[in-house]
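Enquirer: Quick one: the structure is below, questions incoming.
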Amino acid sequence: MSRHRVWFVNCRDRGVAWLMSGSRTRVMARVLGLGAGVVGVGAVAAAYLLDDDQHTKRQFARVAAAESLKARPNRSLLTREQQLKNLGSESFDVLVIGGGATGAGCALDAVSRGLKTALVEMEDFSSGTSSRSTKLIHGGVRYLQKAIMGLDIEQYRMVKEALHERANLLDIAPHLSYPLPIMLPVYKWWQLPYFWVGIKMYDLVAGKKCIKSSYAISKERALELFPMLKKDKLVGAIVYYDGQHNDARMNLSIALTATRLGATIANHSRVVELLREKGEDGKEQLCGAKVKDEITGREITVKAKCIINATGPFTDTIRKLDNQATKEICAPSMGVHITLPDYYSPEQMGLLDPNTSDGRVIFFLPWEGRTIAGTTDTSCSVTHKPAPTEDDIQFILQEVKNYLNPDVEVRRGDVLSAWAGIRPLVQDPNKADTQSIARNHIVHVSDSGLVTIAGGKWTTYRSMATETLDAAIQSSSLSPVHQESQTDGLLLEGAHSWTPTMFIRLVQDFGLESEVAKHLAHTYGDRAFSVAKLASLTGKRWPIVGRRLHSEFPYIDAEVKYACREYAATAVDIIARRLRLAFLNAQAAEEALPTIVNIMAEELKWSEKEKKNQLAAAVKFLQQEMGQNVNRASREKIPINLSKSEISDYVKRFNSLDTDKKGYISLNDLRMSLKNDGERINLDKLHEILNEVDVHKHGQVEFPDYVQARGQDVPGETLHEILKEIDLNLNGQVELDEYLQMMAAIKAGSISHSRFAQLAEMAEEDQRKKITVERSGGGV
């Protein structure tokens with residue numbers, strides 16, 4: 001059956017009851033309308049010709065509009081400049097402030113109801129809390145436990161609502177979301193029936209929206225599914241299902257869907273003032289906002305009948321623009337997550353620790369080829385740049401260690417990234433700690449008409465948006481085409497033609513690697529073909545197109561180009577939200593930055609000065625917000641606990657690189673070390689260092705390969721990266737005490753590996769071989 005035939009049948013089935021209702025004249029009009037051949041146009045035409053009832057006309061218009069929402073939007077994305085121009089030149093029914101999940105959800109709800117809609121975001125879409133979540137789409141197992149134990153009907157309703165929204169998200173973005181089994185290990189016999197009943201209640205509350213039924217398993221089966229699990233005293237486990245997604249991409253997809261349907265959206269656009277005018281009753285009402293484009297610095301006046309404040313942790317900031325004396329309603333709480341290597345968890349099984357040492361819950365989940373663990377829950381102040389702390393990282397590592405078997409050494413050096421997000425919890429004055437605050441939401445309308453949506457959780461963004469728009473329509477007397485929300489079941493960007501095997505077409509049609517094709521399909525859905533068309537030739541037999549930005553990840557150059565068309569305006573937008581590289585491995589993100597900045601410079605016409613500024617800003621972001629600074633600080637605290645023989649060996653290695661006996665190692669020393677004749681370097685250990693030189697692509701770099709490279713040095717950026725791994729005082733050179741500090745940190749497990757340490761070891765081995773040959777006279 002063709003797509004148009006399916007559309008016709010769906011329209012027929014949904015319209016039969018309405019078609020046969022009403023007077024005989026209206027029934028005949030509607031039948032004639034359908035008989036015109038084209039459901040939407042024919043029906044409307046017949047209604048106008050044979051029935052002047054305005055209600056009938058509006059109903060036909062609503063049916064046609066509702067059906068049009070189901071089709072894949074063909075509206076091209078406007079450029080950011082065009083979006084900003086429209087902001088200043090048009091008048092809107094609704095202006096949404098905030099481009100997180102809730103704000104984007106409000107914009108989509110508004111535009112799909114037929115309201116003229118605009119959205120502005122101070123930084124990038126999903127730059128705040130919405131990109132720093134646990135990556136779960138869930139109802140909240142712990143909330144259900146609190147609801148049952150405390151007979152709390154509000155908590156119960158929140159869980160039931162979230163379970164409905166969980167199912168909806170899995171349906172409307174199947175390329176970005178998927179069911180994930182999560183194991184709850186049990187170490188006491190009495191806990192097995194207790195947890196089993198609790199999880200079964202979770203399934204029961206979900207009802208028809210249950211993803212898959214939970215089940216209990218034996219100790220042997222638990223260890224088979226999660227081999228890293230600690231087996232001592234393990235009696236069994238419960239496995240239940242929740243959803244998982246790429247949160248930042250999901251957020252962006254909501255915003256892109258809104259603009260495809262006609263909404264005007266702009267990131268890096270900060271509201272600096274709310275505008276007022278006197279209404280008919282003499283009271284001042286909000287009528288728009290002044291918005292500053294953070295990229296160019298120019299200000300834009302945006303006219304709107306209703307303004308929605310959906311700014312998450314910054315809710316009170318916007319409320320105070322409306323009324324400086326307003327009472328604060330948000331109680332911010334910070335949650336920290338860490339990223340660990342993939343070998344910490346199975347590829348398709350998560351872990352829930354329901355009873356941590358301080359009563360919190362820790363998730364331990366596979367995500368995007370790595371393992372993420374978190375979260376913590378501590379009160380904090382609102383900031384634009386939340387940063388993880390060493391105490392939070394150590395807490396998570398200790399809890400992880402409690403659940404893994406002794407074969408898995410949980411090392412501080414395995415923390416690839418660490419990030420903090422601020423939860424916009426709604427404060428309850430009757431409760432003292434943030435852990436007892438449910439993430440339910442409130443909708444408030446101020447005297448001047450500012451509609452504020454605060455609190456809630458990622459999973460329930462859509463239902464929160466629905467409630468917000470209902471309040472906005474009523475308070476501002478708006479006239480939408482649809483009074484009811486249209487977003488339940490509304491497919492998001494990339495979902496319309498996506499199939500689980502779509503990646504095969506990308507491989508066959510474009511010559512992409514399978515891993516890259518799968519990544520593109522699961523990130524962009526049916527828009528992946530547009531991305532693939534931008535991919536550069538590799539110059540290899542295979543893959544034909546798709547140059548990787550970093551050898552360890554499936555991200556390719558085309559994604560940077562496409563991201564610029566999807567409103568990425570800074571290098572941080574790319575590494576944090578469009579590619580997720582910063583969240584997966586901060587060091588790898590820094591290594592990929594020069595390439596990313598160069599591609600963006602071509603797309604966005606950056607000057608050399610702007611390229612340097614973007615690079616510096618991105619490095620600062622990785623250091624402050626992605627855990628690089630706290631990682632470096634943790635190394636500095638490690639005592640140099642080395643034996644005399646170890647210190648002696650390491651001094652020899654240091655001197656092998658410091659050939660001029662200067663007392664420090666410079667970039668030139670590294671460069672000379674890498675030019676040693678006949679040296680074979682295993683690319684598994686030094687993949688980033690000399691990947692360009694491996695002509696034969698057999699996993700090793702030999703001296704002939706280096707000669708064939710025509711004397712080209714290892715890129716300066718790579719040498720800087722190696723030096724920065726150990727240069728604690730950031731003076732551009734490595735002293736002996738810094739080298740010994742690093743070796744002590746490796747010994748203690750605070751560093752998992754170091755390219756600098758490997759170079760020093762190879763330099764010493766080369767020096768030893770050279771001495772051996774000289775002493776033998778060099779003869780045969």
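So you can find residues: chains in the structure tokens are A, B, ... in the order shown, residues in each start at 1, and ligands are numbered from 1 in order.
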Would you kindly return, as an NGL selection string, each protein, DNA or RNA residue with an atom no farther than 6 Å from any atom of stretch 303-315 of chain A, considering only C-alpha atoms and excluding same-chain residues fewer than 6 positions away?

Expert: :A and (91-98 or 103 or 287-288 or 424 or 450-453)

Enquirer: Would you mind exporting the chosen residues as a compact mmCIF listing (two decimals), in the first residue's frame, restricted to N, CA and C atoms?

Expert:
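Output saved as selection23.txt:
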# COMPACT_ATOMS: atom_id res chain seq x y z
N SER A 91 5.30 39.50 14.06
CA SER A 91 4.64 39.49 15.37
C SER A 91 4.19 38.08 15.68
N PHE A 92 4.32 37.66 16.94
CA PHE A 92 4.07 36.28 17.32
C PHE A 92 2.96 36.17 18.35
N ASP A 93 2.31 35.03 18.33
CA ASP A 93 1.35 34.71 19.39
C ASP A 93 2.10 34.33 20.66
N VAL A 94 3.16 33.55 20.48
CA VAL A 94 3.90 33.01 21.63
C VAL A 94 5.40 33.20 21.42
N LEU A 95 6.07 33.72 22.44
CA LEU A 95 7.53 33.75 22.47
C LEU A 95 7.98 32.88 23.63
N VAL A 96 8.72 31.83 23.33
CA VAL A 96 9.24 30.92 24.35
C VAL A 96 10.68 31.32 24.66
N ILE A 97 10.99 31.51 25.93
CA ILE A 97 12.36 31.79 26.36
C ILE A 97 12.93 30.51 26.95
N GLY A 98 13.98 29.98 26.33
CA GLY A 98 14.60 28.75 26.80
C GLY A 98 14.54 27.66 25.75
N GLY A 103 11.42 24.02 26.89
CA GLY A 103 11.20 25.16 26.02
C GLY A 103 10.94 24.74 24.59
N CYS A 287 4.34 42.43 26.23
CA CYS A 287 4.01 42.44 24.80
C CYS A 287 5.21 42.06 23.93
N GLY A 288 6.31 41.64 24.57
CA GLY A 288 7.47 41.23 23.79
C GLY A 288 8.74 41.28 24.61
N PRO A 424 16.37 21.72 37.89
CA PRO A 424 15.50 22.84 38.30
C PRO A 424 14.35 22.34 39.18
N LEU A 450 3.29 36.79 32.28
CA LEU A 450 4.42 35.88 32.05
C LEU A 450 4.02 34.48 32.52
N VAL A 451 4.08 33.52 31.60
CA VAL A 451 3.74 32.13 31.92
C VAL A 451 5.03 31.38 32.22
N THR A 452 5.16 30.89 33.43
CA THR A 452 6.37 30.19 33.85
C THR A 452 6.10 28.72 34.03
N ILE A 453 6.91 27.88 33.42
CA ILE A 453 6.89 26.44 33.65
C ILE A 453 8.20 26.09 34.36

Enquirer: For A:Ile544, work out the shell of residues within 7 Å, counting only C-alpha atoms and skipping chain neighbours fewer than 4 positions away, then give it as a PDB file with N, CA, C and O atoms, in the first residue's frame.

Expert:
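result.pdb written:
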ATOM      1  N   GLY A 511      29.241   4.403   0.401  1.00  0.00           N
ATOM      2  CA  GLY A 511      30.555   3.845   0.687  1.00  0.00           C
ATOM      3  C   GLY A 511      31.074   4.248   2.052  1.00  0.00           C
ATOM      4  O   GLY A 511      32.270   4.502   2.227  1.00  0.00           O
ATOM      5  N   LEU A 512      30.178   4.321   3.037  1.00  0.00           N
ATOM      6  CA  LEU A 512      30.555   4.639   4.413  1.00  0.00           C
ATOM      7  C   LEU A 512      30.904   3.366   5.178  1.00  0.00           C
ATOM      8  O   LEU A 512      30.415   2.280   4.859  1.00  0.00           O
ATOM      9  N   LEU A 537      35.673  12.717   0.343  1.00  0.00           N
ATOM     10  CA  LEU A 537      36.345  11.497  -0.093  1.00  0.00           C
ATOM     11  C   LEU A 537      37.535  11.216   0.822  1.00  0.00           C
ATOM     12  O   LEU A 537      38.251  12.122   1.241  1.00  0.00           O
ATOM     13  N   THR A 538      37.744   9.945   1.124  1.00  0.00           N
ATOM     14  CA  THR A 538      38.855   9.568   2.003  1.00  0.00           C
ATOM     15  C   THR A 538      40.151   9.347   1.239  1.00  0.00           C
ATOM     16  O   THR A 538      41.238   9.361   1.821  1.00  0.00           O
ATOM     17  N   GLY A 539      40.062   9.083  -0.067  1.00  0.00           N
ATOM     18  CA  GLY A 539      41.247   8.762  -0.856  1.00  0.00           C
ATOM     19  C   GLY A 539      41.668   7.310  -0.682  1.00  0.00           C
ATOM     20  O   GLY A 539      42.730   6.912  -1.160  1.00  0.00           O
ATOM     21  N   LYS A 540      40.859   6.525  -0.005  1.00  0.00           N
ATOM     22  CA  LYS A 540      41.166   5.114   0.230  1.00  0.00           C
ATOM     23  C   LYS A 540      40.246   4.229  -0.603  1.00  0.00           C
ATOM     24  O   LYS A 540      39.230   4.675  -1.140  1.00  0.00           O
TER      25      LYS A 540
END

Enquirer: Each residue of stretch 150-257 of chain A lying at most 12 Å from stretch 75-78 of chain A should get a row with its shortest atom-to-atom pair and the distance in Å to one decimal, counting only C-alpha atoms; could you produce that, ordered by chain and increasing number, as a tab-separated table?

Expert:
residue	atom	partner	partner_atom	distance
A:Ala255	CA	A:Leu77	CA	11.3
A:Leu256	CA	A:Leu77	CA	8.1
A:Thr257	CA	A:Leu77	CA	9.9

Enquirer: Restricting it to N, CA, C and O atoms, dump the selection as a compact mmCIF listing (two decimals), in the first residue's frame.

Expert:
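This is the output file out31.txt:
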# COMPACT_ATOMS: atom_id res chain seq x y z
N ALA A 255 13.31 20.92 18.69
CA ALA A 255 13.39 22.30 18.20
C ALA A 255 13.35 22.35 16.67
O ALA A 255 12.68 23.21 16.08
N LEU A 256 14.05 21.42 16.02
CA LEU A 256 14.06 21.39 14.56
C LEU A 256 12.68 21.04 14.00
O LEU A 256 12.26 21.57 12.97
N THR A 257 11.99 20.14 14.68
CA THR A 257 10.63 19.80 14.25
C THR A 257 9.73 21.02 14.33
O THR A 257 8.90 21.27 13.44

Enquirer: Pick the closest to A:Ala71 from A:Asp342, A:Glu165, A:Asp316, A:Glu493: which is it, counting only C-alpha atoms?

Expert: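 Selected residue with least distance to A:Ala71: A:Glu493.
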
Enquirer: Looking only at helix (DSSP H, G or I) from DSSP on the backbone, list the matching residues of stretch 203-328 of chain A as a ChimeraX atom specification.

Expert: /A:203-209,219-225,247-260,312-322

Enquirer: Going by DSSP on the backbone, which residues of stretch 367-560 of chain A come out as strand (DSSP E)? List them as a ChimeraX atom specification.

Expert: /A:367,370-374,378-379,417-426,441-445,450-455

Enquirer: Write the residues of the selection above to a file with C-alpha atoms, as a PDB file, in the first residue's frame.

Expert:
ATOM      1  CA  TRP A 367      25.856   4.764  26.344  1.00  0.00           C
ATOM      2  CA  ARG A 370      31.152   4.032  26.713  1.00  0.00           C
ATOM      3  CA  THR A 371      29.854   3.625  30.277  1.00  0.00           C
ATOM      4  CA  ILE A 372      28.295   6.466  32.240  1.00  0.00           C
ATOM      5  CA  ALA A 373      27.764   6.428  36.000  1.00  0.00           C
ATOM      6  CA  GLY A 374      25.799   8.807  38.213  1.00  0.00           C
ATOM      7  CA  THR A 378      23.503  18.075  46.266  1.00  0.00           C
ATOM      8  CA  SER A 379      22.172  21.592  46.757  1.00  0.00           C
ATOM      9  CA  SER A 417      34.877  12.885  31.209  1.00  0.00           C
ATOM     10  CA  ALA A 418      32.954  14.262  34.150  1.00  0.00           C
ATOM     11  CA  TRP A 419      30.131  16.753  34.006  1.00  0.00           C
ATOM     12  CA  ALA A 420      27.591  18.440  36.250  1.00  0.00           C
ATOM     13  CA  GLY A 421      24.015  19.429  35.533  1.00  0.00           C
ATOM     14  CA  ILE A 422      21.664  21.594  37.583  1.00  0.00           C
ATOM     15  CA  ARG A 423      18.211  20.155  38.194  1.00  0.00           C
ATOM     16  CA  PRO A 424      15.501  22.841  38.304  1.00  0.00           C
ATOM     17  CA  LEU A 425      13.644  21.353  41.262  1.00  0.00           C
ATOM     18  CA  VAL A 426      10.551  23.077  42.606  1.00  0.00           C
ATOM     19  CA  HIS A 441       6.322  20.842  37.919  1.00  0.00           C
ATOM     20  CA  ILE A 442       4.297  23.998  38.391  1.00  0.00           C
ATOM     21  CA  VAL A 443       2.795  26.406  35.875  1.00  0.00           C
ATOM     22  CA  HIS A 444       2.402  29.976  37.059  1.00  0.00           C
ATOM     23  CA  VAL A 445       0.987  33.078  35.336  1.00  0.00           C
ATOM     24  CA  LEU A 450       4.417  35.882  32.054  1.00  0.00           C
ATOM     25  CA  VAL A 451       3.739  32.132  31.920  1.00  0.00           C
ATOM     26  CA  THR A 452       6.373  30.193  33.847  1.00  0.00           C
ATOM     27  CA  ILE A 453       6.892  26.437  33.647  1.00  0.00           C
ATOM     28  CA  ALA A 454       9.283  25.236  36.353  1.00  0.00           C
ATOM     29  CA  GLY A 455      10.429  21.886  37.707  1.00  0.00           C
TER      30      GLY A 455
END
